[in-house]
Each structure stands twice: as structure tokens, then as C-alpha cells.
file work31.pdb (PDB, C-alpha atoms)
ATOM      1  CA  MET Y1345      12.469  33.335 -10.394  1.00  0.00           C
ATOM      2  CA  PRO Y1346      10.017  30.612  -9.409  1.00  0.00           C
ATOM      3  CA  THR Y1347      10.390  27.187 -10.979  1.00  0.00           C
ATOM      4  CA  GLN Y1348       8.145  26.691 -13.998  1.00  0.00           C
ATOM      5  CA  GLU Y1349       6.333  23.372 -14.060  1.00  0.00           C
ATOM      6  CA  ASN Y1350       5.304  21.385 -17.133  1.00  0.00           C
ATOM      7  CA  SER Y1351       2.569  19.563 -15.294  1.00  0.00           C
ATOM      8  CA  THR Y1352       0.807  19.717 -11.918  1.00  0.00           C
ATOM      9  CA  LEU Y1353      -0.372  16.900  -9.680  1.00  0.00           C
ATOM     10  CA  ASP Y1354      -2.762  17.567  -6.809  1.00  0.00           C
ATOM     11  CA  CYS Y1355      -2.363  15.008  -4.006  1.00  0.00           C
ATOM     12  CA  ARG Y1356      -4.095  17.062  -1.331  1.00  0.00           C
ATOM     13  CA  GLY Y1357      -6.127  14.898   1.049  1.00  0.00           C
ATOM     14  CA  MET Y1358      -4.323  11.725  -0.015  1.00  0.00           C
ATOM     15  CA  ASN Y1359      -2.456   9.597   2.477  1.00  0.00           C
ATOM     16  CA  CYS Y1360       0.566   7.316   2.249  1.00  0.00           C
ATOM     17  CA  PRO Y1361       1.471   5.795  -0.157  1.00  0.00           C
ATOM     18  CA  LEU Y1362      -0.825   7.484  -2.726  1.00  0.00           C
ATOM     19  CA  PRO Y1363       1.157  10.740  -3.198  1.00  0.00           C
ATOM     20  CA  ILE Y1364       4.254   8.724  -4.160  1.00  0.00           C
ATOM     21  CA  LEU Y1365       2.341   6.292  -6.386  1.00  0.00           C
ATOM     22  CA  LYS Y1366       0.584   9.171  -8.214  1.00  0.00           C
ATOM     23  CA  THR Y1367       3.858  11.090  -8.495  1.00  0.00           C
ATOM     24  CA  LYS Y1368       5.536   8.082 -10.082  1.00  0.00           C
ATOM     25  CA  LYS Y1369       2.706   7.762 -12.643  1.00  0.00           C
ATOM     26  CA  ALA Y1370       2.737  11.482 -13.430  1.00  0.00           C
ATOM     27  CA  MET Y1371       6.523  11.525 -13.858  1.00  0.00           C
ATOM     28  CA  ASP Y1372       6.251   8.611 -16.294  1.00  0.00           C
ATOM     29  CA  GLN Y1373       4.307  10.945 -18.585  1.00  0.00           C
ATOM     30  CA  LEU Y1374       7.098  13.544 -18.670  1.00  0.00           C
ATOM     31  CA  THR Y1375      10.281  13.665 -20.705  1.00  0.00           C
ATOM     32  CA  THR Y1376      13.804  14.224 -19.398  1.00  0.00           C
ATOM     33  CA  GLY Y1377      14.307  17.650 -17.852  1.00  0.00           C
ATOM     34  CA  GLN Y1378      10.604  18.433 -17.472  1.00  0.00           C
ATOM     35  CA  ILE Y1379       9.230  19.541 -14.120  1.00  0.00           C
ATOM     36  CA  LEU Y1380       6.309  18.137 -12.171  1.00  0.00           C
ATOM     37  CA  LYS Y1381       4.717  20.284  -9.483  1.00  0.00           C
ATOM     38  CA  MET Y1382       3.197  18.056  -6.800  1.00  0.00           C
ATOM     39  CA  ILE Y1383       1.033  19.422  -4.000  1.00  0.00           C
ATOM     40  CA  ALA Y1384       0.340  17.296  -0.909  1.00  0.00           C
ATOM     41  CA  THR Y1385      -1.094  17.646   2.588  1.00  0.00           C
ATOM     42  CA  ASP Y1386       0.439  14.440   3.966  1.00  0.00           C
ATOM     43  CA  PRO Y1387       3.303  15.552   6.271  1.00  0.00           C
ATOM     44  CA  GLY Y1388       4.992  12.187   5.647  1.00  0.00           C
ATOM     45  CA  SER Y1389       5.365  13.118   1.981  1.00  0.00           C
ATOM     46  CA  VAL Y1390       8.300  15.409   2.845  1.00  0.00           C
ATOM     47  CA  ASN Y1391      10.537  12.477   3.745  1.00  0.00           C
ATOM     48  CA  ASP Y1392       8.847  10.125   1.281  1.00  0.00           C
ATOM     49  CA  VAL Y1393       9.503  12.400  -1.705  1.00  0.00           C
ATOM     50  CA  GLN Y1394      13.157  12.675  -0.705  1.00  0.00           C
ATOM     51  CA  ALA Y1395      13.454   8.899  -0.466  1.00  0.00           C
ATOM     52  CA  TRP Y1396      11.692   8.477  -3.809  1.00  0.00           C
ATOM     53  CA  VAL Y1397      13.996  10.895  -5.670  1.00  0.00           C
ATOM     54  CA  LYS Y1398      17.023   9.240  -4.105  1.00  0.00           C
ATOM     55  CA  ALA Y1399      15.841   5.810  -5.254  1.00  0.00           C
ATOM     56  CA  THR Y1400      14.783   6.835  -8.746  1.00  0.00           C
ATOM     57  CA  GLY Y1401      17.469   9.387  -9.658  1.00  0.00           C
ATOM     58  CA  ASN Y1402      14.960  12.155 -10.347  1.00  0.00           C
ATOM     59  CA  SER Y1403      15.632  15.430  -8.555  1.00  0.00           C
ATOM     60  CA  LEU Y1404      13.773  17.625  -6.120  1.00  0.00           C
ATOM     61  CA  VAL Y1405      14.611  21.106  -7.376  1.00  0.00           C
ATOM     62  CA  GLU Y1406      12.484  23.102  -4.985  1.00  0.00           C
ATOM     63  CA  SER Y1407       9.991  22.588  -2.169  1.00  0.00           C
ATOM     64  CA  GLU Y1408       7.770  24.860  -0.128  1.00  0.00           C
ATOM     65  CA  GLN Y1409       5.623  24.464   2.931  1.00  0.00           C
ATOM     66  CA  ALA Y1410       2.717  26.729   3.794  1.00  0.00           C
ATOM     67  CA  SER Y1411      -0.181  26.150   6.205  1.00  0.00           C
ATOM     68  CA  GLY Y1412      -0.291  22.374   6.023  1.00  0.00           C
ATOM     69  CA  THR Y1413       0.405  22.185   2.305  1.00  0.00           C
ATOM     70  CA  TYR Y1414       3.625  20.856   0.844  1.00  0.00           C
ATOM     71  CA  THR Y1415       4.674  21.689  -2.706  1.00  0.00           C
ATOM     72  CA  PHE Y1416       7.416  19.849  -4.546  1.00  0.00           C
ATOM     73  CA  TYR Y1417       9.031  20.630  -7.885  1.00  0.00           C
ATOM     74  CA  LEU Y1418      10.494  17.443  -9.326  1.00  0.00           C
ATOM     75  CA  ARG Y1419      12.738  17.232 -12.355  1.00  0.00           C
ATOM     76  CA  LYS Y1420      12.538  14.121 -14.487  1.00  0.00           C
ATOM     77  CA  LYS Y1421      15.796  12.253 -14.930  1.00  0.00           C
TER      78      LYS Y1421
ATOM     79  CA  MET I1128      22.247   4.382  -8.141  1.00  0.00           C
ATOM     80  CA  SER I1129      23.506   1.022  -9.378  1.00  0.00           C
ATOM     81  CA  ASP I1130      22.336  -0.501 -12.657  1.00  0.00           C
ATOM     82  CA  LYS I1131      20.623  -3.448 -11.071  1.00  0.00           C
ATOM     83  CA  PRO I1132      17.410  -2.387  -9.300  1.00  0.00           C
ATOM     84  CA  LYS I1133      16.874  -3.421  -5.706  1.00  0.00           C
ATOM     85  CA  LYS I1134      14.626  -6.384  -5.157  1.00  0.00           C
ATOM     86  CA  ILE I1135      12.193  -7.082  -2.325  1.00  0.00           C
ATOM     87  CA  VAL I1136      10.486 -10.378  -1.534  1.00  0.00           C
ATOM     88  CA  MET I1137       7.551 -10.505   0.857  1.00  0.00           C
ATOM     89  CA  VAL I1138       5.659 -13.420   2.302  1.00  0.00           C
ATOM     90  CA  ALA I1139       2.026 -12.461   2.995  1.00  0.00           C
ATOM     91  CA  SER I1140       0.498 -14.996   5.353  1.00  0.00           C
ATOM     92  CA  ARG I1141      -2.475 -13.131   6.836  1.00  0.00           C
ATOM     93  CA  GLY I1142      -5.877 -12.349   5.392  1.00  0.00           C
ATOM     94  CA  GLU I1143      -7.396  -9.741   7.725  1.00  0.00           C
ATOM     95  CA  LEU I1144      -8.011  -6.219   6.436  1.00  0.00           C
ATOM     96  CA  ASP I1145      -5.264  -4.717   8.596  1.00  0.00           C
ATOM     97  CA  TRP I1146      -2.814  -7.338   7.317  1.00  0.00           C
ATOM     98  CA  ALA I1147      -3.989  -6.954   3.728  1.00  0.00           C
ATOM     99  CA  TYR I1148      -2.560  -3.449   3.575  1.00  0.00           C
ATOM    100  CA  PRO I1149       1.170  -3.977   4.271  1.00  0.00           C
ATOM    101  CA  PRO I1150       2.078  -6.227   1.298  1.00  0.00           C
ATOM    102  CA  PHE I1151       0.196  -4.030  -1.166  1.00  0.00           C
ATOM    103  CA  ILE I1152       1.380  -0.697   0.298  1.00  0.00           C
ATOM    104  CA  ILE I1153       5.001  -1.807   0.411  1.00  0.00           C
ATOM    105  CA  GLY I1154       4.721  -3.639  -2.910  1.00  0.00           C
ATOM    106  CA  SER I1155       3.247  -0.700  -4.830  1.00  0.00           C
ATOM    107  CA  THR I1156       5.664   1.758  -3.229  1.00  0.00           C
ATOM    108  CA  ALA I1157       8.718  -0.413  -3.886  1.00  0.00           C
ATOM    109  CA  ALA I1158       7.625  -0.672  -7.527  1.00  0.00           C
ATOM    110  CA  ALA I1159       7.289   3.133  -7.627  1.00  0.00           C
ATOM    111  CA  LEU I1160      10.873   3.327  -6.363  1.00  0.00           C
ATOM    112  CA  GLY I1161      11.902   1.188  -9.317  1.00  0.00           C
ATOM    113  CA  TRP I1162      12.428  -1.972  -7.280  1.00  0.00           C
ATOM    114  CA  GLU I1163      11.630  -5.462  -8.452  1.00  0.00           C
ATOM    115  CA  VAL I1164       8.859  -6.822  -6.224  1.00  0.00           C
ATOM    116  CA  VAL I1165       7.767 -10.371  -5.460  1.00  0.00           C
ATOM    117  CA  ILE I1166       4.957 -11.259  -3.042  1.00  0.00           C
ATOM    118  CA  PHE I1167       4.473 -14.880  -2.012  1.00  0.00           C
ATOM    119  CA  PHE I1168       0.939 -15.445  -0.693  1.00  0.00           C
ATOM    120  CA  THR I1169       0.542 -18.342   1.696  1.00  0.00           C
ATOM    121  CA  PHE I1170      -1.971 -19.536   4.286  1.00  0.00           C
ATOM    122  CA  TYR I1171      -4.673 -16.878   4.884  1.00  0.00           C
ATOM    123  CA  GLY I1172      -2.734 -14.417   2.720  1.00  0.00           C
ATOM    124  CA  LEU I1173      -3.998 -16.425  -0.271  1.00  0.00           C
ATOM    125  CA  THR I1174      -7.428 -14.832   0.148  1.00  0.00           C
ATOM    126  CA  LEU I1175      -5.864 -11.511  -0.898  1.00  0.00           C
ATOM    127  CA  LEU I1176      -5.423 -12.966  -4.385  1.00  0.00           C
ATOM    128  CA  LYS I1177      -9.143 -13.680  -4.812  1.00  0.00           C
ATOM    129  CA  LYS I1178     -10.952 -11.552  -7.375  1.00  0.00           C
ATOM    130  CA  ASP I1179     -13.064  -9.997  -4.624  1.00  0.00           C
ATOM    131  CA  ILE I1180     -11.151  -9.289  -1.464  1.00  0.00           C
ATOM    132  CA  ASN I1181     -13.357  -9.925   1.538  1.00  0.00           C
ATOM    133  CA  ALA I1182     -10.862  -9.009   4.254  1.00  0.00           C
ATOM    134  CA  LYS I1183     -12.214  -8.036   7.651  1.00  0.00           C
ATOM    135  CA  VAL I1184     -10.761  -6.744  10.894  1.00  0.00           C
ATOM    136  CA  ASN I1185     -11.074  -8.825  14.014  1.00  0.00           C
ATOM    137  CA  PRO I1186     -11.309  -6.560  17.095  1.00  0.00           C
ATOM    138  CA  ALA I1187     -11.373  -9.586  19.443  1.00  0.00           C
ATOM    139  CA  ALA I1188      -7.932 -10.647  18.215  1.00  0.00           C
ATOM    140  CA  ASN I1189      -6.500  -7.131  18.399  1.00  0.00           C
ATOM    141  CA  ALA I1190      -7.049  -5.922  21.932  1.00  0.00           C
ATOM    142  CA  ALA I1191      -5.104  -2.692  21.323  1.00  0.00           C
ATOM    143  CA  MET I1192      -7.174  -1.686  18.287  1.00  0.00           C
ATOM    144  CA  PRO I1193      -8.482   1.868  18.579  1.00  0.00           C
ATOM    145  CA  MET I1194     -12.148   1.982  17.633  1.00  0.00           C
ATOM    146  CA  LYS I1195     -13.005   5.176  15.786  1.00  0.00           C
ATOM    147  CA  MET I1196     -16.322   6.515  14.590  1.00  0.00           C
ATOM    148  CA  PRO I1197     -16.050   7.715  10.989  1.00  0.00           C
ATOM    149  CA  VAL I1198     -18.934  10.182  11.322  1.00  0.00           C
ATOM    150  CA  GLY I1199     -19.665  13.307  13.343  1.00  0.00           C
ATOM    151  CA  PRO I1200     -17.513  16.266  14.391  1.00  0.00           C
ATOM    152  CA  GLY I1201     -13.728  15.981  14.560  1.00  0.00           C
ATOM    153  CA  PHE I1202     -13.475  15.583  18.346  1.00  0.00           C
ATOM    154  CA  PHE I1203     -16.001  12.768  18.179  1.00  0.00           C
ATOM    155  CA  GLN I1204     -14.146  10.999  15.367  1.00  0.00           C
ATOM    156  CA  ASN I1205     -10.927  11.199  17.384  1.00  0.00           C
ATOM    157  CA  ILE I1206     -12.319   9.394  20.411  1.00  0.00           C
ATOM    158  CA  ASN I1207     -10.941   5.895  20.985  1.00  0.00           C
ATOM    159  CA  TRP I1208     -13.940   3.835  22.032  1.00  0.00           C
ATOM    160  CA  PRO I1209     -13.023   1.252  24.637  1.00  0.00           C
ATOM    161  CA  MET I1210     -14.298  -2.123  23.454  1.00  0.00           C
ATOM    162  CA  PRO I1211     -14.001  -4.921  26.011  1.00  0.00           C
ATOM    163  CA  ASN I1212     -12.925  -8.182  24.382  1.00  0.00           C
ATOM    164  CA  LEU I1213     -15.735 -10.057  26.076  1.00  0.00           C
ATOM    165  CA  LEU I1214     -18.201  -7.824  24.276  1.00  0.00           C
ATOM    166  CA  THR I1215     -16.555  -7.811  20.846  1.00  0.00           C
ATOM    167  CA  ALA I1216     -15.924 -11.556  20.835  1.00  0.00           C
ATOM    168  CA  ASN I1217     -19.516 -12.407  21.582  1.00  0.00           C
ATOM    169  CA  MET I1218     -21.566  -9.826  19.755  1.00  0.00           C
ATOM    170  CA  PRO I1219     -22.865 -11.246  16.463  1.00  0.00           C
ATOM    171  CA  GLY I1220     -21.943  -9.074  13.506  1.00  0.00           C
ATOM    172  CA  PHE I1221     -19.400  -7.055  15.424  1.00  0.00           C
ATOM    173  CA  GLU I1222     -16.623  -8.004  13.006  1.00  0.00           C
ATOM    174  CA  ASN I1223     -18.627  -6.652  10.066  1.00  0.00           C
ATOM    175  CA  PHE I1224     -19.443  -3.509  12.019  1.00  0.00           C
ATOM    176  CA  ALA I1225     -15.787  -2.916  12.936  1.00  0.00           C
ATOM    177  CA  THR I1226     -14.737  -3.595   9.325  1.00  0.00           C
ATOM    178  CA  THR I1227     -17.205  -1.035   8.007  1.00  0.00           C
ATOM    179  CA  LEU I1228     -15.971   1.542  10.507  1.00  0.00           C
ATOM    180  CA  MET I1229     -12.331   0.919   9.638  1.00  0.00           C
ATOM    181  CA  LYS I1230     -12.930   1.101   5.886  1.00  0.00           C
ATOM    182  CA  LYS I1231     -14.856   4.352   6.288  1.00  0.00           C
ATOM    183  CA  THR I1232     -12.166   5.847   8.543  1.00  0.00           C
ATOM    184  CA  PHE I1233      -9.451   4.873   6.051  1.00  0.00           C
ATOM    185  CA  LYS I1234     -11.414   6.518   3.258  1.00  0.00           C
ATOM    186  CA  ASN I1235     -11.943   9.671   5.332  1.00  0.00           C
ATOM    187  CA  LYS I1236      -8.185   9.841   5.914  1.00  0.00           C
ATOM    188  CA  GLY I1237      -7.404   9.637   2.205  1.00  0.00           C
ATOM    189  CA  VAL I1238      -6.044   6.086   2.366  1.00  0.00           C
ATOM    190  CA  ALA I1239      -6.432   3.967  -0.771  1.00  0.00           C
ATOM    191  CA  SER I1240      -8.501   0.795  -0.610  1.00  0.00           C
ATOM    192  CA  VAL I1241      -6.744  -2.577  -0.604  1.00  0.00           C
ATOM    193  CA  GLU I1242      -8.253  -3.276  -4.038  1.00  0.00           C
ATOM    194  CA  GLU I1243      -6.852  -0.020  -5.433  1.00  0.00           C
ATOM    195  CA  LEU I1244      -3.357  -0.750  -4.076  1.00  0.00           C
ATOM    196  CA  ARG I1245      -3.473  -4.291  -5.416  1.00  0.00           C
ATOM    197  CA  GLU I1246      -4.477  -2.941  -8.842  1.00  0.00           C
ATOM    198  CA  ILE I1247      -1.456  -0.601  -8.790  1.00  0.00           C
ATOM    199  CA  CYS I1248       0.751  -3.572  -7.862  1.00  0.00           C
ATOM    200  CA  VAL I1249      -0.596  -5.498 -10.861  1.00  0.00           C
ATOM    201  CA  GLU I1250      -0.144  -2.501 -13.191  1.00  0.00           C
ATOM    202  CA  SER I1251       3.413  -1.957 -12.035  1.00  0.00           C
ATOM    203  CA  GLY I1252       4.462  -5.544 -12.626  1.00  0.00           C
ATOM    204  CA  VAL I1253       4.641  -6.860  -9.083  1.00  0.00           C
ATOM    205  CA  LYS I1254       5.116 -10.624  -9.282  1.00  0.00           C
ATOM    206  CA  MET I1255       2.511 -12.443  -7.191  1.00  0.00           C
ATOM    207  CA  ILE I1256       2.945 -16.089  -6.320  1.00  0.00           C
ATOM    208  CA  GLY I1257       0.283 -18.300  -4.745  1.00  0.00           C
ATOM    209  CA  CYS I1258       1.474 -21.096  -2.485  1.00  0.00           C
ATOM    210  CA  GLN I1259       0.455 -24.428  -4.025  1.00  0.00           C
ATOM    211  CA  MET I1260       0.442 -26.353  -0.766  1.00  0.00           C
ATOM    212  CA  THR I1261      -1.929 -24.021   1.096  1.00  0.00           C
ATOM    213  CA  MET I1262      -4.107 -23.723  -2.025  1.00  0.00           C
ATOM    214  CA  ASP I1263      -4.534 -27.498  -1.869  1.00  0.00           C
ATOM    215  CA  VAL I1264      -5.226 -27.418   1.864  1.00  0.00           C
ATOM    216  CA  PHE I1265      -7.908 -24.712   1.585  1.00  0.00           C
ATOM    217  CA  GLY I1266      -9.279 -25.955  -1.730  1.00  0.00           C
ATOM    218  CA  PHE I1267      -8.497 -22.790  -3.695  1.00  0.00           C
ATOM    219  CA  SER I1268      -7.984 -23.001  -7.438  1.00  0.00           C
ATOM    220  CA  LYS I1269      -6.047 -20.606  -9.635  1.00  0.00           C
ATOM    221  CA  ASP I1270      -9.280 -19.572 -11.419  1.00  0.00           C
ATOM    222  CA  GLU I1271     -10.474 -17.913  -8.213  1.00  0.00           C
ATOM    223  CA  PHE I1272      -7.470 -15.584  -8.259  1.00  0.00           C
ATOM    224  CA  ILE I1273      -6.823 -12.419 -10.248  1.00  0.00           C
ATOM    225  CA  SER I1274      -5.035 -13.043 -13.525  1.00  0.00           C
ATOM    226  CA  GLY I1275      -1.269 -13.066 -13.679  1.00  0.00           C
ATOM    227  CA  VAL I1276      -0.765 -14.966 -10.436  1.00  0.00           C
ATOM    228  CA  GLU I1277       1.943 -17.609 -10.613  1.00  0.00           C
ATOM    229  CA  ILE I1278       1.855 -20.758  -8.525  1.00  0.00           C
ATOM    230  CA  GLY I1279       4.811 -22.173  -6.653  1.00  0.00           C
ATOM    231  CA  GLY I1280       6.196 -23.469  -3.423  1.00  0.00           C
ATOM    232  CA  ALA I1281       8.803 -22.807  -0.773  1.00  0.00           C
ATOM    233  CA  ALA I1282      11.698 -23.457  -3.144  1.00  0.00           C
ATOM    234  CA  MET I1283      10.428 -20.872  -5.642  1.00  0.00           C
ATOM    235  CA  MET I1284       9.979 -18.306  -2.879  1.00  0.00           C
ATOM    236  CA  LEU I1285      13.459 -19.026  -1.476  1.00  0.00           C
ATOM    237  CA  GLN I1286      15.037 -18.735  -4.889  1.00  0.00           C
ATOM    238  CA  GLU I1287      13.458 -15.273  -5.265  1.00  0.00           C
ATOM    239  CA  ALA I1288      14.405 -14.323  -1.695  1.00  0.00           C
ATOM    240  CA  GLY I1289      17.986 -15.507  -2.080  1.00  0.00           C
ATOM    241  CA  ASP I1290      18.321 -13.258  -5.072  1.00  0.00           C
ATOM    242  CA  SER I1291      16.826 -10.204  -3.302  1.00  0.00           C
ATOM    243  CA  ASP I1292      18.039  -7.300  -1.165  1.00  0.00           C
ATOM    244  CA  VAL I1293      15.111  -7.026   1.248  1.00  0.00           C
ATOM    245  CA  GLN I1294      12.850  -9.730   2.691  1.00  0.00           C
ATOM    246  CA  PHE I1295       9.695  -9.304   4.768  1.00  0.00           C
ATOM    247  CA  PHE I1296       7.494 -11.875   6.405  1.00  0.00           C
ATOM    248  CA  MET I1297       4.065 -10.654   7.334  1.00  0.00           C
TER     249      MET I1297
END

call {"tool": "encode", "arguments": {"input": "work31.pdb", "output": "C-alpha cells"}}
result
Amino acid sequence: MPTQENSTLDCRGMNCPLPILKTKKAMDQLTTGQILKMIATDPGSVNDVQAWVKATGNSLVESEQASGTYTFYLRKK
Amino acid sequence: MSDKPKKIVMVASRGELDWAYPPFIIGSTAAALGWEVVIFFTFYGLTLLKKDINAKVNPAANAAMPMKMPVGPGFFQNINWPMPNLLTANMPGFENFATTLMKKTFKNKGVASVEELREICVESGVKMIGCQMTMDVFGFSKDEFISGVEIGGAAMMLQEAGDSDVQFFM
């Protein structure tokens, strides 16, 4: 069953560090356990999102990659 | 993750557009990671605290700078235009021209402006310190800077740095 998001953030076309900065802001709006779906086209976001979850204690529950688009499902700590 | 957040202290000493990016990119990102961030602005870096940032790129001082055209088809935009130093150093207005091209290329590539990144730094509580000594030397006053800037000297910066996990000089 696909992960169900509570909110979606479109970071397509944005470059470093905007996807992370926008993700941080969007996650601030969520409550514990809620899921943010973030879509990016910046290939660097794959490693950046992993570093960000490691630093902040949030979790990356699922990620997909399809034709230059990266989708992340992030669970708020 | 430990209870105490990591802390980074940066010294920003340059005022060109290409040097304006690193403190604000790293500062805003570190804040997004939950780090405590301090940026000490000294020498030409002080100009990055002014209400209007007027940072430019200097192609004559950066011989390896790729010159890109921000308009036209993809292959054209990807060409690196060779710009002999003799030409760029002597052509009036070339600095403004190169600055316009770089800003446009950054925008095309989805990169935030320096102003936008600085605003995020302010919003996320990045502590910005202006160096008193270089302010005196260049004749800058605190009123010319964005609000929230603190003023201090080497001892204040070192106290912050001594208490931090990561230090950058740029």
C-alpha cells in the first residue's frame, strides 16, 4: 500500500539548498507522525534529504525515482 | 542525536556575488538541520549586511570562471565563452554585464537569490555579527545594515568559535 501523505511540497526546478529549506519549513507545519511528500528534480536532494533526516531525527519512510524526478515521504518526528 | 544542537561559526570576509552565496547557503541549511549558526562579517563581507546587497562578480579576478549565456537554446547556454583577462579587465561595464549574466543563469537553474537566502537566515535565527573594526575603517554604520545585526570584534567571534563544532573562514 502506498504511503499516504498529509501534505505535499513541490520542489521541482529548485536547486540546492532550496529543497531542504522548503522541506524544513513544510515539516514545521506538521504534527508528530504526519507525512510530507516532497517532489524534487535536483539529483543532489537524494543525499541531502538523507543528511537532513539524520540531523533532525525525522524519518525518510519511502523514496522513489522516476525520469529525473525524486519523491520523498518524510515522517515528522 | 544529542540534546545539544551542533554549532557552526563562519567568518565571511568577501563581498563579491560568488562569495556572497556560501555563508548564506551554509547558514540557512545549517539552521534547517537544527544547528546553531553564527556568521561574523568582516572586511568586504560587511557589505553583505547592507539593506540592499550590491554584490558583483569580477571575471578579471577569476580567470577560471565559465562565462555562460542565460538565453537561447540549451546547447548555446552550455557553451563556456572564453574571456581573455586582458579584455575583461579593460572593458568598461564588463563587471556589470558578467553579474547580470550570472544572476540570470542562477535564476534559470532554480538557485535562490542571495537576498532570499539571507532572509531565510534571518527568519531562522542565524546570528549575524558585524566586525566593529572594519566598520570603522570603511565608514559603515549599523543603521546601514539589516536589523538584528550585532556588533563585535575578534574576541566575540573567537568566543563563539571556541564554543562551536564547525568553523569556516570564507

call {"tool": "residues_around", "arguments": {"input": "work31.pdb", "residues": "Asp1354 in chain Y", "least_positions_apart": "4", "cutoff": "9 Å", "atoms": "all atoms listed in the file", "output": "JSON, numbers by chain"}}
result
{"Y": [1363, 1381, 1382, 1383, 1384]}

call {"tool": "write_last_selection", "arguments": {"input": "work31.pdb", "atoms": "C-alpha atoms", "output": "mmCIF file, keeping the file's coordinate frame"}}
result
data_model
loop_
_atom_site.group_PDB
_atom_site.id
_atom_site.type_symbol
_atom_site.label_atom_id
_atom_site.label_comp_id
_atom_site.auth_asym_id
_atom_site.auth_seq_id
_atom_site.Cartn_x
_atom_site.Cartn_y
_atom_site.Cartn_z
ATOM 1 C CA PRO Y 1363 1.157 10.740 -3.198
ATOM 2 C CA LYS Y 1381 4.717 20.284 -9.483
ATOM 3 C CA MET Y 1382 3.197 18.056 -6.800
ATOM 4 C CA ILE Y 1383 1.033 19.422 -4.000
ATOM 5 C CA ALA Y 1384 0.340 17.296 -0.909
#

call {"tool": "resolve_selection", "arguments": {"input": "work31.pdb", "expression": "the PyMOL selection byres ((chain I and resi 1195) around 7)", "output": "tab-separated table (two decimals) with C-alpha atoms, in the coordinates of the input"}}
result
chain	number	residue	atom	x	y	z
I	1193	PRO	CA	-8.48	1.87	18.58
I	1194	MET	CA	-12.15	1.98	17.63
I	1196	MET	CA	-16.32	6.52	14.59
I	1197	PRO	CA	-16.05	7.72	10.99
I	1204	GLN	CA	-14.15	11.00	15.37
I	1205	ASN	CA	-10.93	11.20	17.38
I	1206	ILE	CA	-12.32	9.39	20.41
I	1207	ASN	CA	-10.94	5.90	20.98
I	1208	TRP	CA	-13.94	3.84	22.03

call {"tool": "resolve_selection", "arguments": {"input": "work31.pdb", "expression": "the PyMOL selection byres ((chain I) within 8 of (chain Y))", "output": "PyMOL selection string"}}
result
chain I and resi 1128+1152+1155-1156+1159-1161+1236-1239

call {"tool": "write_last_selection", "arguments": {"input": "work31.pdb", "atoms": "C-alpha atoms", "output": "PDB file, in the frame of the given file"}}
result
ATOM      1  CA  MET I1128      22.247   4.382  -8.141  1.00  0.00           C
ATOM      2  CA  ILE I1152       1.380  -0.697   0.298  1.00  0.00           C
ATOM      3  CA  SER I1155       3.247  -0.700  -4.830  1.00  0.00           C
ATOM      4  CA  THR I1156       5.664   1.758  -3.229  1.00  0.00           C
ATOM      5  CA  ALA I1159       7.289   3.133  -7.627  1.00  0.00           C
ATOM      6  CA  LEU I1160      10.873   3.327  -6.363  1.00  0.00           C
ATOM      7  CA  GLY I1161      11.902   1.188  -9.317  1.00  0.00           C
ATOM      8  CA  LYS I1236      -8.185   9.841   5.914  1.00  0.00           C
ATOM      9  CA  GLY I1237      -7.404   9.637   2.205  1.00  0.00           C
ATOM     10  CA  VAL I1238      -6.044   6.086   2.366  1.00  0.00           C
ATOM     11  CA  ALA I1239      -6.432   3.967  -0.771  1.00  0.00           C
TER      12      ALA I1239
END

call {"tool": "residues_around", "arguments": {"input": "work31.pdb", "residues": "range 1345-1352 of chain Y", "least_positions_apart": "4", "cutoff": "10 Å", "atoms": "only C-alpha atoms", "output": "PyMOL selection string"}}
result
chain Y and resi 1367+1370-1371+1373-1375+1377-1383+1405-1407+1416-1419

call {"tool": "resolve_selection", "arguments": {"input": "work31.pdb", "expression": "the PyMOL selection byres ((chain I and resi 1258) around 8)", "output": "PDB file with C-alpha atoms, in the frame of the given file"}}
result
ATOM      1  CA  PHE I1167       4.473 -14.880  -2.012  1.00  0.00           C
ATOM      2  CA  PHE I1168       0.939 -15.445  -0.693  1.00  0.00           C
ATOM      3  CA  THR I1169       0.542 -18.342   1.696  1.00  0.00           C
ATOM      4  CA  PHE I1170      -1.971 -19.536   4.286  1.00  0.00           C
ATOM      5  CA  LEU I1173      -3.998 -16.425  -0.271  1.00  0.00           C
ATOM      6  CA  ILE I1256       2.945 -16.089  -6.320  1.00  0.00           C
ATOM      7  CA  GLY I1257       0.283 -18.300  -4.745  1.00  0.00           C
ATOM      8  CA  GLN I1259       0.455 -24.428  -4.025  1.00  0.00           C
ATOM      9  CA  MET I1260       0.442 -26.353  -0.766  1.00  0.00           C
ATOM     10  CA  THR I1261      -1.929 -24.021   1.096  1.00  0.00           C
ATOM     11  CA  MET I1262      -4.107 -23.723  -2.025  1.00  0.00           C
ATOM     12  CA  ILE I1278       1.855 -20.758  -8.525  1.00  0.00           C
ATOM     13  CA  GLY I1279       4.811 -22.173  -6.653  1.00  0.00           C
ATOM     14  CA  GLY I1280       6.196 -23.469  -3.423  1.00  0.00           C
ATOM     15  CA  ALA I1281       8.803 -22.807  -0.773  1.00  0.00           C
TER      16      ALA I1281
END

call {"tool": "residues_around", "arguments": {"input": "work31.pdb", "residues": "range 1139-1147 of chain I", "least_positions_apart": "5", "cutoff": "12 Å", "atoms": "only C-alpha atoms", "output": "JSON, numbers by chain"}}
result
{"I": [1152, 1153, 1154, 1165, 1166, 1167, 1168, 1169, 1170, 1171, 1172, 1173, 1174, 1175, 1176, 1177, 1180, 1181, 1182, 1183, 1184, 1185, 1186, 1188, 1189, 1192, 1222, 1223, 1225, 1226, 1227, 1228, 1229, 1230, 1233, 1240, 1241, 1242, 1243, 1244, 1245, 1255, 1256, 1257, 1258, 1261, 1284, 1294, 1295, 1296, 1297]}

call {"tool": "axis_aligned_box", "arguments": {"input": "work31.pdb", "around": "range 1280-1297 of chain I", "padding_each_side": "8 Å", "output": "AutoDock Vina command-line options"}}
result
--center_x 11.2 --center_y -15.2 --center_z 0.8 --size_x 30.3 --size_y 32.4 --size_z 29.0

call {"tool": "closest_residue", "arguments": {"input": "work31.pdb", "among": "I:Lys1254, I:Lys1178, I:Lys1269, I:Lys1231", "to": "Pro1150 in chain I", "atoms": "only C-alpha atoms"}}
result
I:Lys1254

call {"tool": "atom_distance", "arguments": {"input": "work31.pdb", "atom1": "CA of Ala1158 in chain I", "atom2": "CA of Cys1248 in chain I"}}
result
7.5 Å

call {"tool": "build_atoms", "arguments": {"input": "work31.pdb", "residues": "range 1131-1135 of chain I", "atoms": "N, CA and C atoms", "output": "JSON list (two decimals), in the coordinates of the input"}}
result
[["chain", "number", "residue", "atom", "x", "y", "z"],
["I", 1131, "LYS", "N", 21.60, -2.42, -11.43],
["I", 1131, "LYS", "CA", 20.62, -3.45, -11.07],
["I", 1131, "LYS", "C", 19.66, -2.89, -10.02],
["I", 1132, "PRO", "N", 18.35, -2.93, -10.30],
["I", 1132, "PRO", "CA", 17.41, -2.39, -9.30],
["I", 1132, "PRO", "C", 17.38, -3.25, -8.05],
["I", 1133, "LYS", "N", 17.03, -2.65, -6.93],
["I", 1133, "LYS", "CA", 16.87, -3.42, -5.71],
["I", 1133, "LYS", "C", 15.69, -4.36, -5.87],
["I", 1134, "LYS", "N", 15.72, -5.41, -5.09],
["I", 1134, "LYS", "CA", 14.63, -6.38, -5.16],
["I", 1134, "LYS", "C", 14.12, -6.70, -3.75],
["I", 1135, "ILE", "N", 12.80, -6.73, -3.61],
["I", 1135, "ILE", "CA", 12.19, -7.08, -2.33],
["I", 1135, "ILE", "C", 11.30, -8.31, -2.50]]
